[in-house]
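Structure first, then comments.
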Amino acid sequence: MLGHQRSWVFDRRIRIAGVVLNQVGGSRHEAKLRAVIEHYTDVPVLGALAQEPALALKERHLGLTPSVECDDAAHRVAWLGRRVAEQVDLARVIEIARAAEPLPAWPRGAQPAAAARTPVVRIGIARDKAFGFYYPEDLSALHAAGAELLPIDTLHDARLPVLDGLFIGGGFPEVFMAELQANASLRADIAAAIDAGLPTYAECGGLMYLARNLHWQGRSCRMVGAIPGDVTVHAKPVGRGYMRLAPTADHPWPAVPGASQALAAHEFHYSSLDNLPAGMRFAYRVERGHGIDGEHDGLVHHNLLASYAHLRSVMGNDWPARFVAFVRAHGMLQETATKPARPRSEMAVAG
């Protein structure tokens, strides 16, 4: 830069206890890397992993091919484990780990809720080759809030089980659009359940699946049709990066006392949701990012909330507890609405 000098300051509290070299091209390459690191730093080299084309992970639009699509994932993990054991000083890594200071506690409000004492709710979760983008911490938080998660295979299950709620996370429905279309009975079940008021949360790929039609690379396939719009997958990203969302009055989930109104999230999608009718309701106003239309995200339809934003159960955004509370409250309302009134004589005895 001209006119001024910019200096970089690193956090001096962070101690780099060692490095592992990766994608090393051979013994000569490794020797050069070790010499440079040892000359300019006092950081020890704990190992060097050689290049192995057979272990390379395939990439496509949106990045790496997910492990849920790899039939040999367990074999690859075992293979990597053997290579690491052979080429890394694991004894030294364990020694360093034992000498490390304890990790700081999570910020207040970011830790998953304690084990729920309220009745468990049954929430179906799409987990298959088409939908596999979930954070383990968020699933743990759903459990802690009182959810029993029932896996659903959108490619092969013919029917929905008996559920109190439904969660469809991110994935690659465009890659499996023909198979998703072919499973017409499950699509019909999901559409009917959402139209009947089943509390449902869908993120990104889930939103795409719940739309009417999915268009990609000159092909079109029918999807669930619970969202009155169509999805088109483009050649370039539509929304990518961090988001800042301001909840609106149409957000269906109960608020958490003391939680920040603005929510941090992230998005990464090549698709757009088009042909929505006028007057649709949205749970979020987008302050940073793109969302559905550059201004809104979190489409609200019946008891469905569908967004391009990916939420995380961190920093006061306990979305799993909010969703479970919403599911539970809806179940209680349904139970109250369908519970037959007791005869007067029974009420008198009970009183």
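Order determines the names: the first chain of the structure tokens is A, the second B, and so forth; residues in each chain are numbered 1 upward, and ligands are numbered 1 upward as they are shown.
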
Checklist entry - Skipping near chain neighbours, those fewer than 2 positions away, what residues fall within 12 Å of A:Met280 using only C-alpha atoms, listed as a PyMOL selection string? => result chain A and resi 227-229+250+275-278+282-283+292-293+296-302+305

Next on the checklist: Show me, as a ChimeraX atom specification, the residues that have an atom within 9 Å of stretch 93-104 of chain A when counting only C-alpha atoms, minus same-chain residues fewer than 5 positions from it.
Outcome noted: /A:17-18,46,88

Item to check | Spatial neighbours of A:Leu80, max dist 8 Å, only C-alpha atoms, sep filter under 4 positions, as a VMD selection string | outcome: chain A and resid 55 76 84

Only C-alpha atoms, please: the residues just picked out, written as a compact mmCIF listing (two decimals), in the first residue's frame.
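Generated file (again-v2.txt):
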# COMPACT_ATOMS: atom_id res chain seq x y z
CA LEU A 55 -7.29 -40.12 -0.72
CA ARG A 76 -11.18 -43.62 3.90
CA VAL A 84 -1.41 -40.25 10.39

Next on the checklist: Applying 9 Å and only C-alpha atoms, which residues near A:Tyr242 remain after dropping the ones on its own chain fewer than 6 positions away? List them as a list in words.
Outcome noted: Ala264, Ala265, His266, Glu267, Phe268, Arg288 and Gly289 of chain A

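Each of A:Ala141, A:Val224, A:Ala329, A:Ala158 was compared to A:Ala191 using only C-alpha atoms, and A:Val224 turns out to be the nearest.
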
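Atom CA of A:Ala144 is positioned 11.4 Å from atom CA of A:Val121.
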
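Nearest to A:Ala196 of all the residues A:Arg122, A:His215, A:His330, A:His269 is A:His330, counting only C-alpha atoms.
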
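Around A:Cys204, within 6 Å and counting only C-alpha atoms, the residues found are A:Gly170, A:Ser307, A:Tyr308, once anything fewer than 6 positions away on its own chain is removed.
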
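Residues within 7 Å of stretch 177-180 of chain A, counting only C-alpha atoms and excluding same-chain residues fewer than 3 positions away, are A:Thr154, A:Leu155, A:Pro173, A:Glu174, A:Asn183, A:Cys221.
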
Would you output that residue set with N, CA and C atoms, as an mmCIF file, in the first residue's frame?
data_model
loop_
_atom_site.group_PDB
_atom_site.id
_atom_site.type_symbol
_atom_site.label_atom_id
_atom_site.label_comp_id
_atom_site.auth_asym_id
_atom_site.auth_seq_id
_atom_site.Cartn_x
_atom_site.Cartn_y
_atom_site.Cartn_z
ATOM 1 N N THR A 154 -35.299 -39.407 2.731
ATOM 2 C CA THR A 154 -36.181 -38.808 1.736
ATOM 3 C C THR A 154 -36.115 -39.518 0.395
ATOM 4 N N LEU A 155 -35.101 -40.360 0.201
ATOM 5 C CA LEU A 155 -34.953 -41.075 -1.059
ATOM 6 C C LEU A 155 -35.693 -42.407 -1.063
ATOM 7 N N PRO A 173 -30.112 -31.330 -2.720
ATOM 8 C CA PRO A 173 -31.282 -31.941 -3.368
ATOM 9 C C PRO A 173 -31.199 -31.904 -4.888
ATOM 10 N N GLU A 174 -30.456 -30.917 -5.453
ATOM 11 C CA GLU A 174 -30.348 -30.845 -6.909
ATOM 12 C C GLU A 174 -29.622 -32.058 -7.484
ATOM 13 N N ASN A 183 -39.856 -40.426 -5.341
ATOM 14 C CA ASN A 183 -40.483 -40.833 -4.077
ATOM 15 C C ASN A 183 -41.724 -39.970 -3.832
ATOM 16 N N CYS A 221 -37.605 -30.985 -11.871
ATOM 17 C CA CYS A 221 -38.246 -32.087 -11.152
ATOM 18 C C CYS A 221 -39.227 -31.524 -10.136
#

Please return, as a compact mmCIF listing (two decimals) with N, CA and C atoms, in the first residue's frame, all residues of stretch 61-309 of chain A that DSSP assigns to strand (DSSP E) on the basis of the backbone.
# COMPACT_ATOMS: atom_id res chain seq x y z
N GLY A 63 -18.39 -26.82 -2.91
CA GLY A 63 -17.23 -27.33 -2.16
C GLY A 63 -17.08 -28.84 -2.23
N LEU A 64 -16.70 -29.41 -1.09
CA LEU A 64 -16.42 -30.84 -1.05
C LEU A 64 -17.69 -31.68 -1.15
N VAL A 121 -40.68 -34.59 22.63
CA VAL A 121 -41.41 -34.44 21.36
C VAL A 121 -40.64 -35.20 20.28
N ARG A 122 -41.38 -35.78 19.35
CA ARG A 122 -40.78 -36.57 18.27
C ARG A 122 -40.60 -35.67 17.06
N ILE A 123 -39.34 -35.42 16.69
CA ILE A 123 -39.03 -34.56 15.55
C ILE A 123 -38.31 -35.40 14.49
N GLY A 124 -38.91 -35.48 13.32
CA GLY A 124 -38.27 -36.17 12.21
C GLY A 124 -37.15 -35.32 11.64
N ILE A 125 -36.05 -35.95 11.24
CA ILE A 125 -34.92 -35.22 10.67
C ILE A 125 -34.46 -35.96 9.41
N ALA A 126 -34.42 -35.23 8.30
CA ALA A 126 -33.99 -35.82 7.03
C ALA A 126 -32.48 -36.08 7.09
N PHE A 131 -29.56 -35.01 2.17
CA PHE A 131 -29.57 -34.04 3.27
C PHE A 131 -28.68 -34.54 4.40
N GLY A 132 -27.54 -33.90 4.57
CA GLY A 132 -26.61 -34.34 5.61
C GLY A 132 -25.86 -33.21 6.27
N PHE A 133 -26.27 -31.96 6.01
CA PHE A 133 -25.53 -30.82 6.55
C PHE A 133 -26.12 -30.41 7.90
N ALA A 147 -36.05 -33.18 22.48
CA ALA A 147 -36.47 -33.76 21.21
C ALA A 147 -35.91 -35.16 21.03
N GLU A 148 -36.75 -36.07 20.59
CA GLU A 148 -36.30 -37.36 20.11
C GLU A 148 -36.23 -37.25 18.59
N LEU A 149 -35.04 -37.41 18.03
CA LEU A 149 -34.83 -37.22 16.60
C LEU A 149 -35.00 -38.55 15.87
N LEU A 150 -35.93 -38.58 14.93
CA LEU A 150 -36.21 -39.78 14.15
C LEU A 150 -35.70 -39.57 12.73
N PRO A 151 -34.66 -40.31 12.32
CA PRO A 151 -34.12 -40.12 10.96
C PRO A 151 -35.11 -40.52 9.89
N ILE A 152 -35.14 -39.71 8.83
CA ILE A 152 -36.02 -39.96 7.69
C ILE A 152 -35.16 -39.98 6.43
N GLY A 165 -42.95 -32.81 14.96
CA GLY A 165 -42.29 -31.76 14.21
C GLY A 165 -41.36 -32.36 13.18
N LEU A 166 -40.84 -31.51 12.28
CA LEU A 166 -39.98 -31.98 11.20
C LEU A 166 -38.86 -30.97 10.97
N PHE A 167 -37.64 -31.47 10.77
CA PHE A 167 -36.45 -30.64 10.52
C PHE A 167 -35.75 -31.19 9.28
N ILE A 168 -35.62 -30.33 8.25
CA ILE A 168 -34.91 -30.71 7.03
C ILE A 168 -33.76 -29.72 6.85
N GLY A 170 -29.58 -28.69 5.52
CA GLY A 170 -28.94 -28.44 4.25
C GLY A 170 -28.52 -29.72 3.55
N GLY A 171 -28.21 -29.59 2.27
CA GLY A 171 -27.77 -30.74 1.50
C GLY A 171 -27.69 -30.39 0.03
N THR A 200 -42.51 -27.25 11.24
CA THR A 200 -41.41 -27.68 10.38
C THR A 200 -40.37 -26.58 10.25
N TYR A 201 -39.11 -26.98 10.28
CA TYR A 201 -38.01 -26.05 10.06
C TYR A 201 -37.15 -26.58 8.93
N ALA A 202 -36.85 -25.74 7.93
CA ALA A 202 -36.05 -26.15 6.78
C ALA A 202 -34.98 -25.12 6.52
N GLU A 203 -33.74 -25.60 6.34
CA GLU A 203 -32.61 -24.73 6.04
C GLU A 203 -32.06 -25.04 4.66
N ASN A 213 -41.04 -26.84 -7.65
CA ASN A 213 -40.20 -27.43 -8.69
C ASN A 213 -38.75 -27.03 -8.45
N LEU A 214 -37.84 -27.88 -8.89
CA LEU A 214 -36.41 -27.62 -8.79
C LEU A 214 -35.82 -27.69 -10.19
N HIS A 215 -35.17 -26.59 -10.62
CA HIS A 215 -34.59 -26.48 -11.96
C HIS A 215 -33.07 -26.43 -11.85
N TRP A 216 -32.40 -27.30 -12.61
CA TRP A 216 -30.93 -27.32 -12.57
C TRP A 216 -30.40 -27.96 -13.84
N ARG A 219 -32.75 -29.32 -16.44
CA ARG A 219 -33.73 -30.31 -16.01
C ARG A 219 -34.65 -29.70 -14.96
N SER A 220 -35.84 -30.24 -14.85
CA SER A 220 -36.80 -29.82 -13.83
C SER A 220 -37.43 -31.05 -13.19
N CYS A 221 -37.61 -30.99 -11.87
CA CYS A 221 -38.25 -32.09 -11.15
C CYS A 221 -39.23 -31.52 -10.14
N ARG A 222 -40.29 -32.28 -9.91
CA ARG A 222 -41.27 -31.90 -8.92
C ARG A 222 -40.71 -32.16 -7.53
N ASP A 230 -40.76 -21.71 -6.81
CA ASP A 230 -39.90 -22.63 -7.55
C ASP A 230 -38.44 -22.26 -7.33
N VAL A 231 -37.59 -23.27 -7.34
CA VAL A 231 -36.16 -23.06 -7.09
C VAL A 231 -35.37 -23.27 -8.36
N THR A 232 -34.44 -22.35 -8.64
CA THR A 232 -33.52 -22.47 -9.76
C THR A 232 -32.10 -22.45 -9.24
N VAL A 233 -31.30 -23.45 -9.63
CA VAL A 233 -29.90 -23.50 -9.25
C VAL A 233 -29.08 -22.84 -10.36
N GLY A 239 -26.08 -16.34 -2.69
CA GLY A 239 -25.79 -15.83 -1.34
C GLY A 239 -24.63 -16.59 -0.75
N ARG A 240 -23.65 -15.85 -0.23
CA ARG A 240 -22.45 -16.53 0.30
C ARG A 240 -21.83 -15.65 1.38
N GLY A 241 -21.68 -16.21 2.58
CA GLY A 241 -20.99 -15.48 3.64
C GLY A 241 -21.83 -15.36 4.89
N TYR A 242 -21.37 -14.49 5.79
CA TYR A 242 -22.05 -14.28 7.06
C TYR A 242 -23.30 -13.44 6.86
N MET A 243 -24.28 -13.68 7.74
CA MET A 243 -25.54 -12.95 7.69
C MET A 243 -25.83 -12.30 9.04
N ARG A 244 -26.62 -11.28 8.99
CA ARG A 244 -27.18 -10.66 10.19
C ARG A 244 -28.67 -10.51 9.96
N LEU A 245 -29.46 -11.15 10.83
CA LEU A 245 -30.90 -11.21 10.64
C LEU A 245 -31.63 -10.53 11.79
N ALA A 246 -32.63 -9.74 11.46
CA ALA A 246 -33.48 -9.11 12.46
C ALA A 246 -34.84 -9.80 12.44
N PRO A 247 -35.20 -10.50 13.52
CA PRO A 247 -36.51 -11.18 13.54
C PRO A 247 -37.66 -10.20 13.39
N LEU A 263 -29.66 -11.74 14.97
CA LEU A 263 -29.11 -13.08 14.93
C LEU A 263 -27.97 -13.15 13.92
N ALA A 264 -26.89 -13.82 14.30
CA ALA A 264 -25.80 -14.10 13.37
C ALA A 264 -26.04 -15.45 12.73
N ALA A 265 -25.82 -15.54 11.44
CA ALA A 265 -26.02 -16.78 10.70
C ALA A 265 -25.06 -16.79 9.51
N HIS A 266 -25.18 -17.81 8.67
CA HIS A 266 -24.37 -17.84 7.45
C HIS A 266 -25.18 -18.48 6.33
N GLU A 267 -24.80 -18.21 5.09
CA GLU A 267 -25.48 -18.76 3.93
C GLU A 267 -24.46 -19.10 2.86
N PHE A 268 -24.78 -20.09 2.05
CA PHE A 268 -23.95 -20.47 0.91
C PHE A 268 -24.83 -21.25 -0.05
N HIS A 269 -25.41 -20.54 -0.99
CA HIS A 269 -26.33 -21.20 -1.91
C HIS A 269 -26.20 -20.62 -3.32
N SER A 271 -28.71 -21.25 -5.41
CA SER A 271 -30.09 -21.26 -5.89
C SER A 271 -30.85 -20.02 -5.45
N SER A 272 -31.96 -19.80 -6.14
CA SER A 272 -32.89 -18.73 -5.80
C SER A 272 -34.29 -19.30 -5.73
N LEU A 273 -35.11 -18.69 -4.88
CA LEU A 273 -36.52 -19.09 -4.73
C LEU A 273 -37.36 -18.06 -5.48
N ASP A 274 -38.01 -18.49 -6.55
CA ASP A 274 -38.69 -17.58 -7.46
C ASP A 274 -40.20 -17.85 -7.49
N ARG A 281 -45.23 -14.05 4.15
CA ARG A 281 -44.69 -13.59 5.43
C ARG A 281 -43.27 -14.11 5.61
N PHE A 282 -42.44 -13.31 6.28
CA PHE A 282 -41.05 -13.69 6.50
C PHE A 282 -40.67 -13.48 7.96
N ALA A 283 -39.85 -14.39 8.48
CA ALA A 283 -39.44 -14.34 9.88
C ALA A 283 -38.29 -13.37 10.12
N TYR A 284 -37.53 -13.05 9.04
CA TYR A 284 -36.34 -12.21 9.22
C TYR A 284 -36.30 -11.09 8.20
N ARG A 285 -35.76 -9.97 8.64
CA ARG A 285 -35.33 -8.91 7.74
C ARG A 285 -33.81 -9.02 7.64
N VAL A 286 -33.29 -9.08 6.44
CA VAL A 286 -31.86 -9.29 6.23
C VAL A 286 -31.12 -7.97 6.36
N GLU A 287 -30.25 -7.86 7.36
CA GLU A 287 -29.42 -6.67 7.53
C GLU A 287 -28.06 -6.86 6.87
N ARG A 288 -27.63 -8.09 6.75
CA ARG A 288 -26.40 -8.42 6.03
C ARG A 288 -26.60 -9.77 5.36
N HIS A 296 -35.34 -10.21 2.66
CA HIS A 296 -36.04 -11.07 3.61
C HIS A 296 -35.49 -12.49 3.56
N ASP A 297 -35.70 -13.19 4.66
CA ASP A 297 -35.40 -14.62 4.73
C ASP A 297 -36.34 -15.24 5.75
N GLY A 298 -36.37 -16.56 5.77
CA GLY A 298 -37.23 -17.24 6.73
C GLY A 298 -38.69 -17.16 6.33
N LEU A 299 -39.04 -17.76 5.20
CA LEU A 299 -40.43 -17.77 4.76
C LEU A 299 -41.30 -18.51 5.77
N VAL A 300 -42.43 -17.91 6.12
CA VAL A 300 -43.35 -18.50 7.09
C VAL A 300 -44.64 -18.87 6.36
N HIS A 301 -44.99 -20.16 6.43
CA HIS A 301 -46.18 -20.66 5.74
C HIS A 301 -46.79 -21.74 6.62
N LEU A 304 -44.58 -23.70 9.08
CA LEU A 304 -43.28 -23.92 8.46
C LEU A 304 -42.45 -22.64 8.49
N LEU A 305 -41.18 -22.78 8.87
CA LEU A 305 -40.20 -21.71 8.72
C LEU A 305 -39.09 -22.26 7.83
N ALA A 306 -38.89 -21.66 6.66
CA ALA A 306 -37.90 -22.14 5.70
C ALA A 306 -36.99 -20.99 5.29
N SER A 307 -35.69 -21.18 5.41
CA SER A 307 -34.76 -20.09 5.13
C SER A 307 -33.50 -20.59 4.44

Next on the checklist: For the alpha helix (DSSP H) assignment from backbone DSSP, which residues of stretch 115-233 of chain A qualify? Please present them as a PyMOL selection string.
Outcome noted: chain A and resi 136-144+177-182+184-195+205-210

Could you take the residues named above and write them with N, CA and C atoms, as a tab-separated table (two decimals), in the first residue's frame?
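Resulting contents of out-v8.tsv:
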chain	number	residue	atom	x	y	z
A	136	PRO	N	-23.23	-31.29	14.83
A	136	PRO	CA	-23.50	-32.17	15.97
A	136	PRO	C	-23.93	-31.42	17.22
A	137	GLU	N	-23.37	-30.22	17.45
A	137	GLU	CA	-23.74	-29.45	18.64
A	137	GLU	C	-25.21	-29.05	18.60
A	138	ASP	N	-25.71	-28.72	17.40
A	138	ASP	CA	-27.11	-28.35	17.29
A	138	ASP	C	-28.02	-29.55	17.53
A	139	LEU	N	-27.62	-30.72	17.04
A	139	LEU	CA	-28.42	-31.92	17.28
A	139	LEU	C	-28.42	-32.27	18.77
A	140	SER	N	-27.27	-32.07	19.43
A	140	SER	CA	-27.21	-32.30	20.88
A	140	SER	C	-28.12	-31.33	21.62
A	141	ALA	N	-28.15	-30.08	21.14
A	141	ALA	CA	-29.01	-29.08	21.77
A	141	ALA	C	-30.49	-29.42	21.58
A	142	LEU	N	-30.84	-29.98	20.44
A	142	LEU	CA	-32.22	-30.42	20.23
A	142	LEU	C	-32.58	-31.53	21.21
A	143	HIS	N	-31.66	-32.49	21.40
A	143	HIS	CA	-31.87	-33.56	22.38
A	143	HIS	C	-32.04	-32.97	23.78
A	144	ALA	N	-31.14	-32.03	24.13
A	144	ALA	CA	-31.18	-31.45	25.47
A	144	ALA	C	-32.47	-30.68	25.72
A	177	MET	N	-32.29	-34.87	-7.44
A	177	MET	CA	-33.65	-34.39	-7.73
A	177	MET	C	-34.52	-35.46	-8.38
A	178	ALA	N	-33.94	-36.28	-9.24
A	178	ALA	CA	-34.74	-37.33	-9.88
A	178	ALA	C	-35.23	-38.35	-8.86
A	179	GLU	N	-34.34	-38.76	-7.94
A	179	GLU	CA	-34.72	-39.72	-6.91
A	179	GLU	C	-35.75	-39.13	-5.95
A	180	LEU	N	-35.59	-37.85	-5.62
A	180	LEU	CA	-36.55	-37.19	-4.73
A	180	LEU	C	-37.92	-37.10	-5.40
A	181	GLN	N	-37.92	-36.78	-6.68
A	181	GLN	CA	-39.19	-36.71	-7.41
A	181	GLN	C	-39.85	-38.09	-7.46
A	182	ALA	N	-39.03	-39.14	-7.64
A	182	ALA	CA	-39.58	-40.48	-7.77
A	182	ALA	C	-40.28	-40.95	-6.49
A	184	ALA	N	-42.71	-40.17	-4.68
A	184	ALA	CA	-43.91	-39.32	-4.66
A	184	ALA	C	-44.72	-39.49	-3.38
A	185	SER	N	-44.76	-40.70	-2.82
A	185	SER	CA	-45.59	-40.94	-1.64
A	185	SER	C	-45.07	-40.15	-0.44
A	186	LEU	N	-43.76	-40.08	-0.26
A	186	LEU	CA	-43.23	-39.31	0.87
A	186	LEU	C	-43.43	-37.82	0.64
A	187	ARG	N	-43.23	-37.37	-0.60
A	187	ARG	CA	-43.46	-35.95	-0.89
A	187	ARG	C	-44.90	-35.56	-0.58
A	188	ALA	N	-45.83	-36.42	-0.94
A	188	ALA	CA	-47.24	-36.14	-0.67
A	188	ALA	C	-47.51	-36.12	0.83
A	189	ASP	N	-46.89	-37.04	1.57
A	189	ASP	CA	-47.05	-37.09	3.02
A	189	ASP	C	-46.55	-35.80	3.67
A	190	ILE	N	-45.38	-35.36	3.25
A	190	ILE	CA	-44.80	-34.15	3.83
A	190	ILE	C	-45.65	-32.93	3.50
A	191	ALA	N	-46.11	-32.82	2.26
A	191	ALA	CA	-46.95	-31.69	1.86
A	191	ALA	C	-48.24	-31.66	2.68
A	192	ALA	N	-48.86	-32.82	2.84
A	192	ALA	CA	-50.11	-32.89	3.60
A	192	ALA	C	-49.88	-32.54	5.06
A	193	ALA	N	-48.75	-33.01	5.62
A	193	ALA	CA	-48.46	-32.74	7.03
A	193	ALA	C	-48.23	-31.26	7.27
A	194	ILE	N	-47.49	-30.60	6.38
A	194	ILE	CA	-47.23	-29.17	6.54
A	194	ILE	C	-48.51	-28.37	6.35
A	195	ASP	N	-49.32	-28.76	5.37
A	195	ASP	CA	-50.61	-28.07	5.16
A	195	ASP	C	-51.52	-28.25	6.37
A	205	GLY	N	-31.02	-26.40	1.69
A	205	GLY	CA	-31.44	-27.56	0.91
A	205	GLY	C	-32.84	-28.01	1.27
A	206	GLY	N	-33.20	-27.90	2.54
A	206	GLY	CA	-34.56	-28.23	2.96
A	206	GLY	C	-35.58	-27.32	2.33
A	207	LEU	N	-35.26	-26.02	2.24
A	207	LEU	CA	-36.14	-25.07	1.57
A	207	LEU	C	-36.32	-25.47	0.11
A	208	MET	N	-35.23	-25.84	-0.55
A	208	MET	CA	-35.29	-26.23	-1.96
A	208	MET	C	-36.21	-27.44	-2.15
A	209	TYR	N	-36.10	-28.40	-1.27
A	209	TYR	CA	-36.90	-29.62	-1.35
A	209	TYR	C	-38.38	-29.35	-1.16
A	210	LEU	N	-38.72	-28.37	-0.33
A	210	LEU	CA	-40.11	-28.09	-0.02
A	210	LEU	C	-40.79	-27.21	-1.06

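Neighbours of A:Ser27 closer than or equal to 10 Å, with only C-alpha atoms counted and sequence neighbours fewer than 6 positions away skipped, come out as A:Leu33, A:Ala48, A:Ala50.
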
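With only C-alpha atoms as the atoms that count, the residue of A:Gln87, A:Gln261, A:Gln51, A:Thr248 with the shortest distance to A:Gly25 is A:Gln51.
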
Item to check | Proximity to A:Ile37 - best of A:Val20, A:Pro252, A:Ile14, A:Leu49, only C-alpha atoms | outcome: A:Val20

Checklist entry - Between atom CA of A:Ala91 and atom CA of A:Val43, what is the spacing in Å? => result 16.6 Å
